[in-house]
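Enquirer: Provided herewith: upload-v6.cif, mmCIF, C-alpha atoms.
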data_start
loop_
_atom_site.group_PDB
_atom_site.id
_atom_site.type_symbol
_atom_site.label_atom_id
_atom_site.label_comp_id
_atom_site.auth_asym_id
_atom_site.auth_seq_id
_atom_site.Cartn_x
_atom_site.Cartn_y
_atom_site.Cartn_z
ATOM 1 C CA MET I 1 0.000 0.000 0.000
ATOM 2 C CA ALA I 2 1.256 3.500 -0.842
ATOM 3 C CA TYR I 3 1.783 5.918 2.032
ATOM 4 C CA VAL I 4 -0.849 8.165 0.531
ATOM 5 C CA ASP I 5 -3.451 5.371 0.695
ATOM 6 C CA ALA I 6 -3.037 5.059 4.459
ATOM 7 C CA GLU I 7 -3.047 8.817 4.921
ATOM 8 C CA ILE I 8 -6.270 9.205 2.933
ATOM 9 C CA ALA I 9 -7.908 6.471 5.007
ATOM 10 C CA SER I 10 -6.929 8.174 8.280
ATOM 11 C CA GLN I 11 -8.870 11.371 7.570
ATOM 12 C CA PRO I 12 -12.015 10.616 9.594
ATOM 13 C CA ASP I 13 -9.959 10.227 12.781
ATOM 14 C CA CYS I 14 -7.885 13.307 11.958
ATOM 15 C CA TRP I 15 -11.015 15.395 11.471
ATOM 16 C CA ARG I 16 -12.371 14.315 14.856
ATOM 17 C CA ARG I 17 -9.096 15.319 16.503
ATOM 18 C CA ALA I 18 -9.244 18.652 14.697
ATOM 19 C CA ALA I 19 -12.676 19.310 16.191
ATOM 20 C CA GLU I 20 -11.216 18.813 19.675
ATOM 21 C CA LEU I 21 -8.214 20.989 18.869
ATOM 22 C CA ALA I 22 -10.449 23.817 17.641
ATOM 23 C CA THR I 23 -11.783 24.250 21.174
ATOM 24 C CA ASP I 24 -8.303 24.564 22.667
ATOM 25 C CA ALA I 25 -7.119 26.895 19.879
ATOM 26 C CA ARG I 26 -10.105 29.248 19.984
ATOM 27 C CA ALA I 27 -8.064 32.261 21.108
ATOM 28 C CA ASP I 28 -5.619 31.838 18.230
ATOM 29 C CA LEU I 29 -8.288 31.801 15.518
ATOM 30 C CA PRO I 30 -10.373 34.689 14.158
ATOM 31 C CA ALA I 31 -13.067 36.251 16.285
ATOM 32 C CA PRO I 32 -16.334 37.265 14.623
ATOM 33 C CA GLY I 33 -15.969 40.615 12.908
ATOM 34 C CA GLU I 34 -12.219 40.461 12.389
ATOM 35 C CA ARG I 35 -10.897 41.214 8.915
ATOM 36 C CA VAL I 36 -8.920 38.104 8.037
ATOM 37 C CA ALA I 37 -6.551 36.908 5.332
ATOM 38 C CA VAL I 38 -5.631 33.254 4.851
ATOM 39 C CA VAL I 39 -2.573 32.186 2.873
ATOM 40 C CA GLY I 40 -0.976 28.990 1.642
ATOM 41 C CA CYS I 41 0.731 27.459 -1.354
ATOM 42 C CA GLY I 42 -0.757 24.848 -3.668
ATOM 43 C CA THR I 43 -3.104 22.587 -1.724
ATOM 44 C CA SER I 44 -2.998 24.853 1.339
ATOM 45 C CA TRP I 45 -4.116 27.809 -0.799
ATOM 46 C CA PHE I 46 -7.145 25.836 -1.970
ATOM 47 C CA MET I 47 -8.093 25.094 1.649
ATOM 48 C CA ALA I 48 -7.684 28.816 2.369
ATOM 49 C CA MET I 49 -10.109 29.559 -0.479
ATOM 50 C CA ALA I 50 -12.688 27.169 0.948
ATOM 51 C CA TYR I 51 -12.401 28.563 4.468
ATOM 52 C CA ALA I 52 -12.604 32.180 3.318
ATOM 53 C CA ALA I 53 -15.867 31.497 1.521
ATOM 54 C CA LEU I 54 -17.292 29.550 4.483
ATOM 55 C CA ARG I 55 -16.379 32.247 7.005
ATOM 56 C CA GLU I 56 -18.024 34.995 4.985
ATOM 57 C CA GLN I 57 -21.035 32.752 4.341
ATOM 58 C CA ALA I 58 -21.335 32.292 8.118
ATOM 59 C CA GLY I 59 -21.405 36.068 8.619
ATOM 60 C CA GLN I 60 -18.158 36.051 10.609
ATOM 61 C CA GLY I 61 -16.456 38.843 8.694
ATOM 62 C CA GLU I 62 -14.539 39.777 5.568
ATOM 63 C CA THR I 63 -12.111 37.002 4.677
ATOM 64 C CA ASP I 64 -9.670 36.854 1.769
ATOM 65 C CA ALA I 65 -7.499 33.988 0.535
ATOM 66 C CA PHE I 66 -4.165 34.401 -1.218
ATOM 67 C CA GLN I 67 -1.236 32.415 -2.468
ATOM 68 C CA ALA I 68 1.519 33.326 -0.011
ATOM 69 C CA SER I 69 3.637 34.727 -2.831
ATOM 70 C CA GLU I 70 0.818 37.047 -3.947
ATOM 71 C CA PHE I 71 -0.253 38.486 -0.599
ATOM 72 C CA PRO I 72 -0.869 42.259 -0.921
ATOM 73 C CA THR I 73 1.354 43.544 1.877
ATOM 74 C CA GLY I 74 -0.129 47.030 1.544
ATOM 75 C CA ARG I 75 -3.514 45.868 2.832
ATOM 76 C CA ARG I 76 -4.338 45.795 6.511
ATOM 77 C CA TYR I 77 -5.937 42.816 8.212
ATOM 78 C CA ASP I 78 -6.751 42.114 11.839
ATOM 79 C CA ARG I 79 -5.270 38.645 11.502
ATOM 80 C CA LEU I 80 -3.440 36.514 8.981
ATOM 81 C CA ILE I 81 -3.641 32.717 9.037
ATOM 82 C CA GLY I 82 -1.017 30.641 7.270
ATOM 83 C CA ILE I 83 -1.640 26.999 6.398
ATOM 84 C CA THR I 84 1.588 25.056 5.849
ATOM 85 C CA ARG I 85 2.190 21.349 6.325
ATOM 86 C CA SER I 86 5.977 21.484 6.569
ATOM 87 C CA GLY I 87 6.398 25.020 7.860
ATOM 88 C CA THR I 88 9.423 25.342 5.579
ATOM 89 C CA THR I 89 7.878 26.631 2.354
ATOM 90 C CA THR I 90 9.881 29.665 1.332
ATOM 91 C CA GLU I 91 6.973 31.935 0.383
ATOM 92 C CA VAL I 92 5.154 31.324 3.684
ATOM 93 C CA VAL I 93 8.257 31.775 5.836
ATOM 94 C CA GLU I 94 9.223 35.000 4.043
ATOM 95 C CA LEU I 95 5.706 36.414 4.367
ATOM 96 C CA PHE I 96 5.556 35.708 8.103
ATOM 97 C CA GLU I 97 8.946 37.339 8.508
ATOM 98 C CA ALA I 98 7.769 40.425 6.609
ATOM 99 C CA LEU I 99 4.568 40.784 8.658
ATOM 100 C CA ARG I 100 6.160 40.201 12.039
ATOM 101 C CA GLY I 101 5.221 43.020 14.379
ATOM 102 C CA HIS I 102 2.749 44.512 11.899
ATOM 103 C CA THR I 103 -0.078 41.972 11.569
ATOM 104 C CA ARG I 104 -1.270 39.395 14.071
ATOM 105 C CA THR I 105 -0.455 35.978 12.625
ATOM 106 C CA THR I 106 -1.405 32.363 13.307
ATOM 107 C CA VAL I 107 0.279 29.428 11.598
ATOM 108 C CA ILE I 108 -1.454 26.055 11.225
ATOM 109 C CA VAL I 109 1.383 23.589 10.772
ATOM 110 C CA GLY I 110 2.141 19.877 10.774
ATOM 111 C CA ASP I 111 5.757 19.987 11.944
ATOM 112 C CA PRO I 112 6.110 21.525 15.431
ATOM 113 C CA ASP I 113 9.849 22.058 14.905
ATOM 114 C CA SER I 114 9.558 23.966 11.631
ATOM 115 C CA PRO I 115 10.908 27.511 11.125
ATOM 116 C CA ALA I 116 7.406 28.915 10.620
ATOM 117 C CA VAL I 117 6.356 28.142 14.204
ATOM 118 C CA PRO I 118 8.384 30.855 16.012
ATOM 119 C CA LEU I 119 7.563 33.405 13.308
ATOM 120 C CA GLY I 120 3.852 33.448 14.094
ATOM 121 C CA ASP I 121 2.212 35.158 17.043
ATOM 122 C CA ALA I 122 0.474 31.827 17.583
ATOM 123 C CA ALA I 123 0.934 28.309 16.232
ATOM 124 C CA ILE I 124 -1.658 25.542 15.995
ATOM 125 C CA LEU I 125 0.271 22.296 15.819
ATOM 126 C CA MET I 126 -1.166 19.251 14.046
ATOM 127 C CA PRO I 127 1.601 16.608 14.016
ATOM 128 C CA PHE I 128 -1.105 13.917 14.041
ATOM 129 C CA ALA I 129 -2.096 15.046 10.532
ATOM 130 C CA ASP I 130 1.426 15.427 9.138
ATOM 131 C CA GLU I 131 2.285 13.158 6.211
ATOM 132 C CA ARG I 132 5.126 11.151 4.789
ATOM 133 C CA SER I 133 3.743 11.550 1.263
ATOM 134 C CA VAL I 134 4.728 14.315 -1.116
ATOM 135 C CA VAL I 135 1.106 14.609 -2.260
ATOM 136 C CA GLN I 136 -0.954 16.331 0.445
ATOM 137 C CA THR I 137 -4.255 14.841 1.520
ATOM 138 C CA ARG I 138 -5.027 14.564 5.229
ATOM 139 C CA PHE I 139 -3.094 17.582 6.519
ATOM 140 C CA ALA I 140 -4.921 19.976 4.232
ATOM 141 C CA THR I 141 -8.386 18.611 4.902
ATOM 142 C CA THR I 142 -7.693 18.436 8.644
ATOM 143 C CA ALA I 143 -6.717 22.114 8.628
ATOM 144 C CA LEU I 144 -10.021 22.891 6.917
ATOM 145 C CA ALA I 145 -11.873 20.666 9.413
ATOM 146 C CA LEU I 146 -10.274 22.621 12.271
ATOM 147 C CA LEU I 147 -11.379 25.921 10.749
ATOM 148 C CA ARG I 148 -14.883 24.640 10.066
ATOM 149 C CA ALA I 149 -15.195 23.476 13.669
ATOM 150 C CA HIS I 150 -14.102 26.929 14.821
ATOM 151 C CA LEU I 151 -16.927 28.402 12.730
ATOM 152 C CA GLY I 152 -19.321 26.361 14.842
ATOM 153 C CA GLU I 153 -19.924 23.459 12.488
ATOM 154 C CA ASN I 154 -20.545 20.058 14.051
ATOM 155 C CA LEU I 155 -18.028 17.658 12.552
ATOM 156 C CA ASP I 156 -19.672 14.430 13.742
ATOM 157 C CA ALA I 157 -21.739 14.027 10.565
ATOM 158 C CA LEU I 158 -18.761 15.085 8.440
ATOM 159 C CA ALA I 159 -16.554 12.412 9.996
ATOM 160 C CA ALA I 160 -19.316 9.838 9.520
ATOM 161 C CA ASP I 161 -19.513 10.695 5.807
ATOM 162 C CA ALA I 162 -15.729 10.421 5.629
ATOM 163 C CA GLU I 163 -15.827 6.936 7.191
ATOM 164 C CA VAL I 164 -18.033 5.818 4.313
ATOM 165 C CA ALA I 165 -15.997 7.645 1.675
ATOM 166 C CA VAL I 166 -12.751 5.880 2.562
ATOM 167 C CA ARG I 167 -14.418 2.492 1.911
ATOM 168 C CA ALA I 168 -16.975 3.198 -0.816
ATOM 169 C CA PRO I 169 -16.392 1.922 -4.355
ATOM 170 C CA LEU I 170 -15.027 4.576 -6.662
ATOM 171 C CA PRO I 171 -17.821 6.150 -8.708
ATOM 172 C CA ILE I 172 -16.128 5.359 -12.014
ATOM 173 C CA ASP I 173 -13.286 3.226 -13.343
ATOM 174 C CA PRO I 174 -10.284 5.579 -13.652
ATOM 175 C CA SER I 175 -8.837 3.581 -16.533
ATOM 176 C CA SER I 176 -11.930 4.400 -18.618
ATOM 177 C CA ILE I 177 -11.411 8.174 -18.401
ATOM 178 C CA GLU I 178 -9.031 10.274 -20.486
ATOM 179 C CA GLN I 179 -9.749 13.669 -18.880
ATOM 180 C CA VAL I 180 -11.605 15.079 -15.860
ATOM 181 C CA THR I 181 -13.001 18.504 -15.000
ATOM 182 C CA PHE I 182 -13.942 19.299 -11.390
ATOM 183 C CA LEU I 183 -16.557 21.939 -10.582
ATOM 184 C CA GLY I 184 -17.582 23.749 -7.409
ATOM 185 C CA ARG I 185 -19.730 26.598 -6.150
ATOM 186 C CA GLY I 186 -18.928 28.955 -3.295
ATOM 187 C CA TRP I 187 -16.608 27.265 -0.819
ATOM 188 C CA THR I 188 -16.404 24.081 -2.900
ATOM 189 C CA VAL I 189 -14.553 25.855 -5.716
ATOM 190 C CA GLY I 190 -11.465 25.343 -3.546
ATOM 191 C CA LEU I 191 -12.264 21.633 -3.245
ATOM 192 C CA ALA I 192 -12.633 21.357 -7.022
ATOM 193 C CA GLU I 193 -9.242 23.008 -7.512
ATOM 194 C CA GLU I 194 -7.711 20.633 -4.992
ATOM 195 C CA ALA I 195 -9.226 17.538 -6.629
ATOM 196 C CA ALA I 196 -7.815 18.561 -9.997
ATOM 197 C CA LEU I 197 -4.397 19.184 -8.456
ATOM 198 C CA LYS I 198 -4.400 15.695 -6.940
ATOM 199 C CA CYS I 199 -4.952 14.148 -10.368
ATOM 200 C CA ARG I 200 -2.159 16.236 -11.873
ATOM 201 C CA GLU I 201 0.267 15.550 -9.015
ATOM 202 C CA ALA I 202 -0.324 11.865 -8.368
ATOM 203 C CA ALA I 203 -1.045 10.707 -11.913
ATOM 204 C CA THR I 204 0.258 13.415 -14.302
ATOM 205 C CA PHE I 205 -3.320 13.408 -15.582
ATOM 206 C CA TRP I 206 -5.166 16.069 -17.575
ATOM 207 C CA ALA I 207 -7.457 17.636 -14.973
ATOM 208 C CA GLU I 208 -9.034 21.082 -14.745
ATOM 209 C CA ALA I 209 -11.258 22.943 -12.282
ATOM 210 C CA TYR I 210 -13.784 25.766 -12.665
ATOM 211 C CA PRO I 211 -16.625 27.434 -10.795
ATOM 212 C CA ALA I 212 -19.688 25.456 -11.826
ATOM 213 C CA MET I 213 -21.588 28.504 -13.097
ATOM 214 C CA ASP I 214 -18.681 29.399 -15.379
ATOM 215 C CA TYR I 215 -18.344 25.914 -16.867
ATOM 216 C CA ARG I 216 -20.829 26.561 -19.671
ATOM 217 C CA HIS I 217 -18.915 29.725 -20.632
ATOM 218 C CA GLY I 218 -16.360 27.785 -22.648
ATOM 219 C CA PRO I 219 -14.860 24.854 -20.706
ATOM 220 C CA ILE I 220 -17.781 22.554 -21.537
ATOM 221 C CA SER I 221 -16.443 22.522 -25.100
ATOM 222 C CA ILE I 222 -13.961 19.765 -24.196
ATOM 223 C CA ALA I 223 -16.604 17.480 -22.645
ATOM 224 C CA ALA I 224 -17.029 14.287 -24.668
ATOM 225 C CA PRO I 225 -17.455 10.527 -24.337
ATOM 226 C CA GLY I 226 -14.568 9.100 -22.348
ATOM 227 C CA ARG I 227 -14.241 12.285 -20.290
ATOM 228 C CA LEU I 228 -15.605 13.093 -16.857
ATOM 229 C CA VAL I 229 -17.206 16.064 -15.100
ATOM 230 C CA TRP I 230 -17.201 15.822 -11.292
ATOM 231 C CA ALA I 231 -19.134 18.437 -9.287
ATOM 232 C CA PHE I 232 -18.902 19.305 -5.590
ATOM 233 C CA GLY I 233 -21.761 20.859 -3.658
ATOM 234 C CA ALA I 234 -24.781 22.641 -5.110
ATOM 235 C CA LEU I 235 -25.446 22.262 -8.827
ATOM 236 C CA PRO I 236 -26.581 24.991 -11.213
ATOM 237 C CA ASP I 237 -29.964 24.197 -12.745
ATOM 238 C CA GLY I 238 -29.693 22.166 -15.928
ATOM 239 C CA LEU I 239 -25.985 21.367 -15.606
ATOM 240 C CA PRO I 240 -26.368 17.561 -15.407
ATOM 241 C CA GLU I 241 -28.513 17.597 -18.535
ATOM 242 C CA ASP I 242 -26.037 19.803 -20.394
ATOM 243 C CA VAL I 243 -23.162 17.490 -19.489
ATOM 244 C CA ALA I 244 -25.194 14.432 -20.458
ATOM 245 C CA ALA I 245 -25.749 15.926 -23.907
ATOM 246 C CA THR I 246 -21.983 15.952 -24.498
ATOM 247 C CA GLY I 247 -21.660 12.236 -23.803
ATOM 248 C CA ALA I 248 -19.291 12.844 -20.854
ATOM 249 C CA ALA I 249 -19.752 10.979 -17.590
ATOM 250 C CA PHE I 250 -20.998 13.015 -14.623
ATOM 251 C CA VAL I 251 -20.320 12.527 -10.911
ATOM 252 C CA HIS I 252 -22.169 14.277 -8.113
ATOM 253 C CA SER I 253 -22.920 12.986 -4.646
ATOM 254 C CA ARG I 254 -26.461 14.388 -4.564
ATOM 255 C CA THR I 255 -27.736 13.467 -8.021
ATOM 256 C CA HIS I 256 -29.113 10.273 -9.555
ATOM 257 C CA GLY I 257 -29.710 9.483 -13.195
ATOM 258 C CA CYS I 258 -28.691 11.699 -16.117
ATOM 259 C CA ARG I 259 -25.411 9.782 -16.555
ATOM 260 C CA THR I 260 -24.637 10.403 -12.900
ATOM 261 C CA VAL I 261 -22.458 7.617 -11.568
ATOM 262 C CA LEU I 262 -22.201 8.529 -7.876
ATOM 263 C CA GLY I 263 -25.007 8.229 -5.384
ATOM 264 C CA SER I 264 -25.171 4.586 -4.350
ATOM 265 C CA TRP I 265 -23.524 5.281 -1.001
ATOM 266 C CA SER I 266 -25.562 8.413 -0.267
ATOM 267 C CA ALA I 267 -29.010 7.143 -1.238
ATOM 268 C CA GLY I 268 -31.559 7.570 1.527
ATOM 269 C CA ARG I 269 -29.276 9.829 3.577
ATOM 270 C CA ASN I 270 -28.750 13.537 3.896
ATOM 271 C CA PRO I 271 -26.538 15.058 1.191
ATOM 272 C CA VAL I 272 -22.926 13.957 1.479
ATOM 273 C CA ASP I 273 -20.611 16.685 2.734
ATOM 274 C CA PRO I 274 -18.384 17.850 -0.129
ATOM 275 C CA MET I 275 -15.239 17.259 1.960
ATOM 276 C CA ALA I 276 -16.146 13.573 2.092
ATOM 277 C CA ASP I 277 -16.635 13.699 -1.667
ATOM 278 C CA LEU I 278 -13.085 15.091 -1.878
ATOM 279 C CA ILE I 279 -11.847 11.888 -0.240
ATOM 280 C CA LEU I 280 -13.328 9.951 -3.160
ATOM 281 C CA ALA I 281 -11.555 12.310 -5.559
ATOM 282 C CA GLN I 282 -8.266 11.759 -3.723
ATOM 283 C CA ARG I 283 -8.736 8.005 -4.027
ATOM 284 C CA PHE I 284 -9.641 8.443 -7.687
ATOM 285 C CA ALA I 285 -6.337 10.276 -8.266
ATOM 286 C CA VAL I 286 -4.336 7.519 -6.585
ATOM 287 C CA ALA I 287 -6.173 4.876 -8.597
ATOM 288 C CA LEU I 288 -5.445 6.860 -11.752
ATOM 289 C CA ALA I 289 -1.749 6.788 -10.918
ATOM 290 C CA THR I 290 -1.797 3.046 -10.381
ATOM 291 C CA SER I 291 -3.719 2.430 -13.599
ATOM 292 C CA ARG I 292 -1.050 4.431 -15.454
ATOM 293 C CA GLY I 293 1.796 2.465 -13.906
ATOM 294 C CA LEU I 294 2.906 5.376 -11.703
ATOM 295 C CA ASP I 295 3.895 5.477 -8.041
ATOM 296 C CA PRO I 296 1.663 8.054 -6.274
ATOM 297 C CA ASP I 297 4.277 8.326 -3.505
ATOM 298 C CA ALA I 298 6.883 9.514 -6.009
ATOM 299 C CA PRO I 299 5.202 12.228 -8.127
ATOM 300 C CA ARG I 300 7.189 13.625 -11.017
ATOM 301 C CA HIS I 301 9.152 16.876 -10.461
ATOM 302 C CA LEU I 302 7.757 17.378 -6.934
ATOM 303 C CA THR I 303 9.245 17.528 -3.455
ATOM 304 C CA ARG I 304 7.466 17.516 -0.108
ATOM 305 C CA SER I 305 8.172 21.224 0.407
ATOM 306 C CA VAL I 306 9.349 23.955 -1.950
ATOM 307 C CA VAL I 307 12.398 25.577 -0.359
ATOM 308 C CA LEU I 308 13.997 28.135 -2.651
ATOM 309 C CA ALA I 309 17.629 29.166 -2.560
#
Let me see the file written as structure tokens.
Expert:
Amino acid sequence: MAYVDAEIASQPDCWRRAAELATDARADLPAPGERVAVVGCGTSWFMAMAYAALREQAGQGETDAFQASEFPTGRRYDRLIGITRSGTTTEVVELFEALRGHTRTTVIVGDPDSPAVPLGDAAILMPFADERSVVQTRFATTALALLRAHLGENLDALAADAEVAVRAPLPIDPSSIEQVTFLGRGWTVGLAEEAALKCREAATFWAEAYPAMDYRHGPISIAAPGRLVWAFGALPDGLPEDVAATGAAFVHSRTHGCRTVLGSWSAGRNPVDPMADLILAQRFAVALATSRGLDPDAPRHLTRSVVLA
């Protein structure tokens, strides 16, 4: 078994631990009304995107998400949160150094001994979610689970959905697909971006991501038989039918029929949480790698952390 397989399977337990940690870390996370920025690189940036949308949706205050390298240092925020698994990524470390003494900062990190820890005004340590794999899965989703718990969400149902997602059959045979497009709305746009990145990283596979409402403004032109559209969260009216007309397969955890191939494990239950659906997408990416004769623990051109000279 690849390291990443075991790490994906451990997510339900990690999310439960994150819910407990959120209580202890309350003082180090944003208070309602604070103006907040959240930064990360790659996968961590996509989790920042999801959290920013969720926090604003919850009425907790203005929240922006940035790649660490693109943070607008001229803007003023009450608090900046950095999400970084290793705590060594150059862009994150340099940003925290630049903001020291000017902006209140909190780092969410997997490695307690990393250089990012002393640079923040506060550090939330999650060594239980750290990973051996290059490809991020559980650390990123556990950081998002922590932030969702802090927003007041009950993670019991989320963890229960995740328990099913780590065992459920994949919604489609990866070897039958030549391309996949992931779609999201609101906070799940970040999940769609992350799912596409997993396919690119683990399997060097052609994968894209778009906001679901924008999909019909051009990207649908590549949909065809042998290709897949996978949507997270709420669907725009008529989208399943439009995808079906292209001959592409369609995956959505809340829809049945219309060439939809996911739903057997959610039938008769409340809608599956999109983060649990992301687990299926992570497993899909790993299965893609295996079907292509690739080792998902050794992705091409990638290292566990980007440390620049």
Enquirer: As a ChimeraX atom specification, please: the residues near stretch 159-171 of chain I (cut-off 12 Å, only C-alpha atoms, same-chain neighbours under 5 positions excluded).
Expert: /I:5-19,138,141-142,145,149,153-154,176-177,228-230,249-253,259-266,269-288
Enquirer: At a cut-off of 10 Å, can you tabulate as a tab-separated table every residue of stretch 122-215 of chain I near stretch 221-225 of chain I together with its closest atom pair and the distance in Å to one decimal, using all atoms listed in the file and ordering rows by chain then number?
Expert:
residue	atom	partner	partner_atom	distance
I:Ile177	CA	I:Pro225	CA	8.8
I:Glu178	CA	I:Pro225	CA	9.3
I:Gln179	CA	I:Ala223	CA	8.7
I:Val180	CA	I:Ala223	CA	8.8
I:Thr181	CA	I:Ala223	CA	8.5
I:Tyr215	CA	I:Ser221	CA	9.1
Enquirer: Using the file's own x, y and z axes, so that the box edges lie along x, y and z, what centre and edge lengths in Å (one decimal) does a box around every listed atom of stretch 297-303 of chain I get when 8 Å is added on each side? Give it as AutoDock Vina command-line options.
Expert:
--center_x 6.8 --center_y 12.9 --center_z -7.2 --size_x 21.0 --size_y 25.2 --size_z 23.6
Enquirer: Tell me which of I:Leu125, I:Val243, I:Leu119, I:Ile81 sits closest to I:Ala22, counting only C-alpha atoms.
Expert: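 Result for the nearest residue to I:Ala22: I:Leu125.
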Enquirer: From the options I:Asp242, I:Glu91, I:Asp295, I:Asp214, which residue's atoms come nearest to I:Phe66, counting all atoms listed in the file?
Expert: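 The closest residue to I:Phe66 is I:Glu91.
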Enquirer: I want to know what sits within 8 Å of stretch 183-191 of chain I, based on only C-alpha atoms, with residues of the same chain fewer than 4 positions away left out; could you give that as a ChimeraX atom specification?
Expert: /I:46-54,195,209-213,215,229-235,274-275,278
Enquirer: Pick from I:Glu56, I:Asp130, I:Glu70, I:Asp237: nearest to I:Thr84, with all atoms listed in the file counted?
Expert: I:Asp130
Enquirer: Identify all residues satisfying the PyMOL selection byres ((chain I and resi 75) around 12) in the given file; provide them as an MDAnalysis selection string.
Expert: chainID I and resid 35:37 64 70:74 76:80 99 102:103
Enquirer: Do you have the atom CA of I:Met126-atom CA of I:Thr63 distance handy?
Expert: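 For atom CA of I:Met126 relative to atom CA of I:Thr63, the distance reads 22.9 Å.
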Enquirer: Select, from I:Leu294, I:Val107, I:Leu151, I:Val306, the residue with the minimum atom-to-atom distance to I:Asp28, counting all atoms listed in the file.
Expert: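 Using all atoms listed in the file, the shortest distance to I:Asp28 belongs to I:Val107.
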Enquirer: Measuring between all atoms listed in the file, which one of I:Arg148, I:Ala157, I:Val4, I:Leu239 shows the shortest distance to I:Ala58?
Expert: I:Arg148
Enquirer: For atom CA of I:Gly226 and atom CA of I:Pro296, quote the distance in Å rounded to one decimal.
Expert: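 Going from atom CA of I:Gly226 over to atom CA of I:Pro296 covers 22.9 Å.
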Enquirer: Need to verify the contact set: stretch 110-117 of chain I, 7 Å, only C-alpha atoms, exclusion of same-chain residues closer than 5 positions in sequence. Can you return it as a list in words?
Expert: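 Result of the neighbour search: Arg85, Ser86, Gly87, Thr88, Val93, Ala123, Leu125, Met126, Pro127, Ala129 and Asp130 of chain I.
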Enquirer: Smallest atom-to-atom distance to I:Leu197: which of I:Glu62, I:Gly40, I:Gln136, I:Arg55, using all atoms listed in the file?
Expert: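 The shortest atom-to-atom distance to I:Leu197 comes from I:Gln136.
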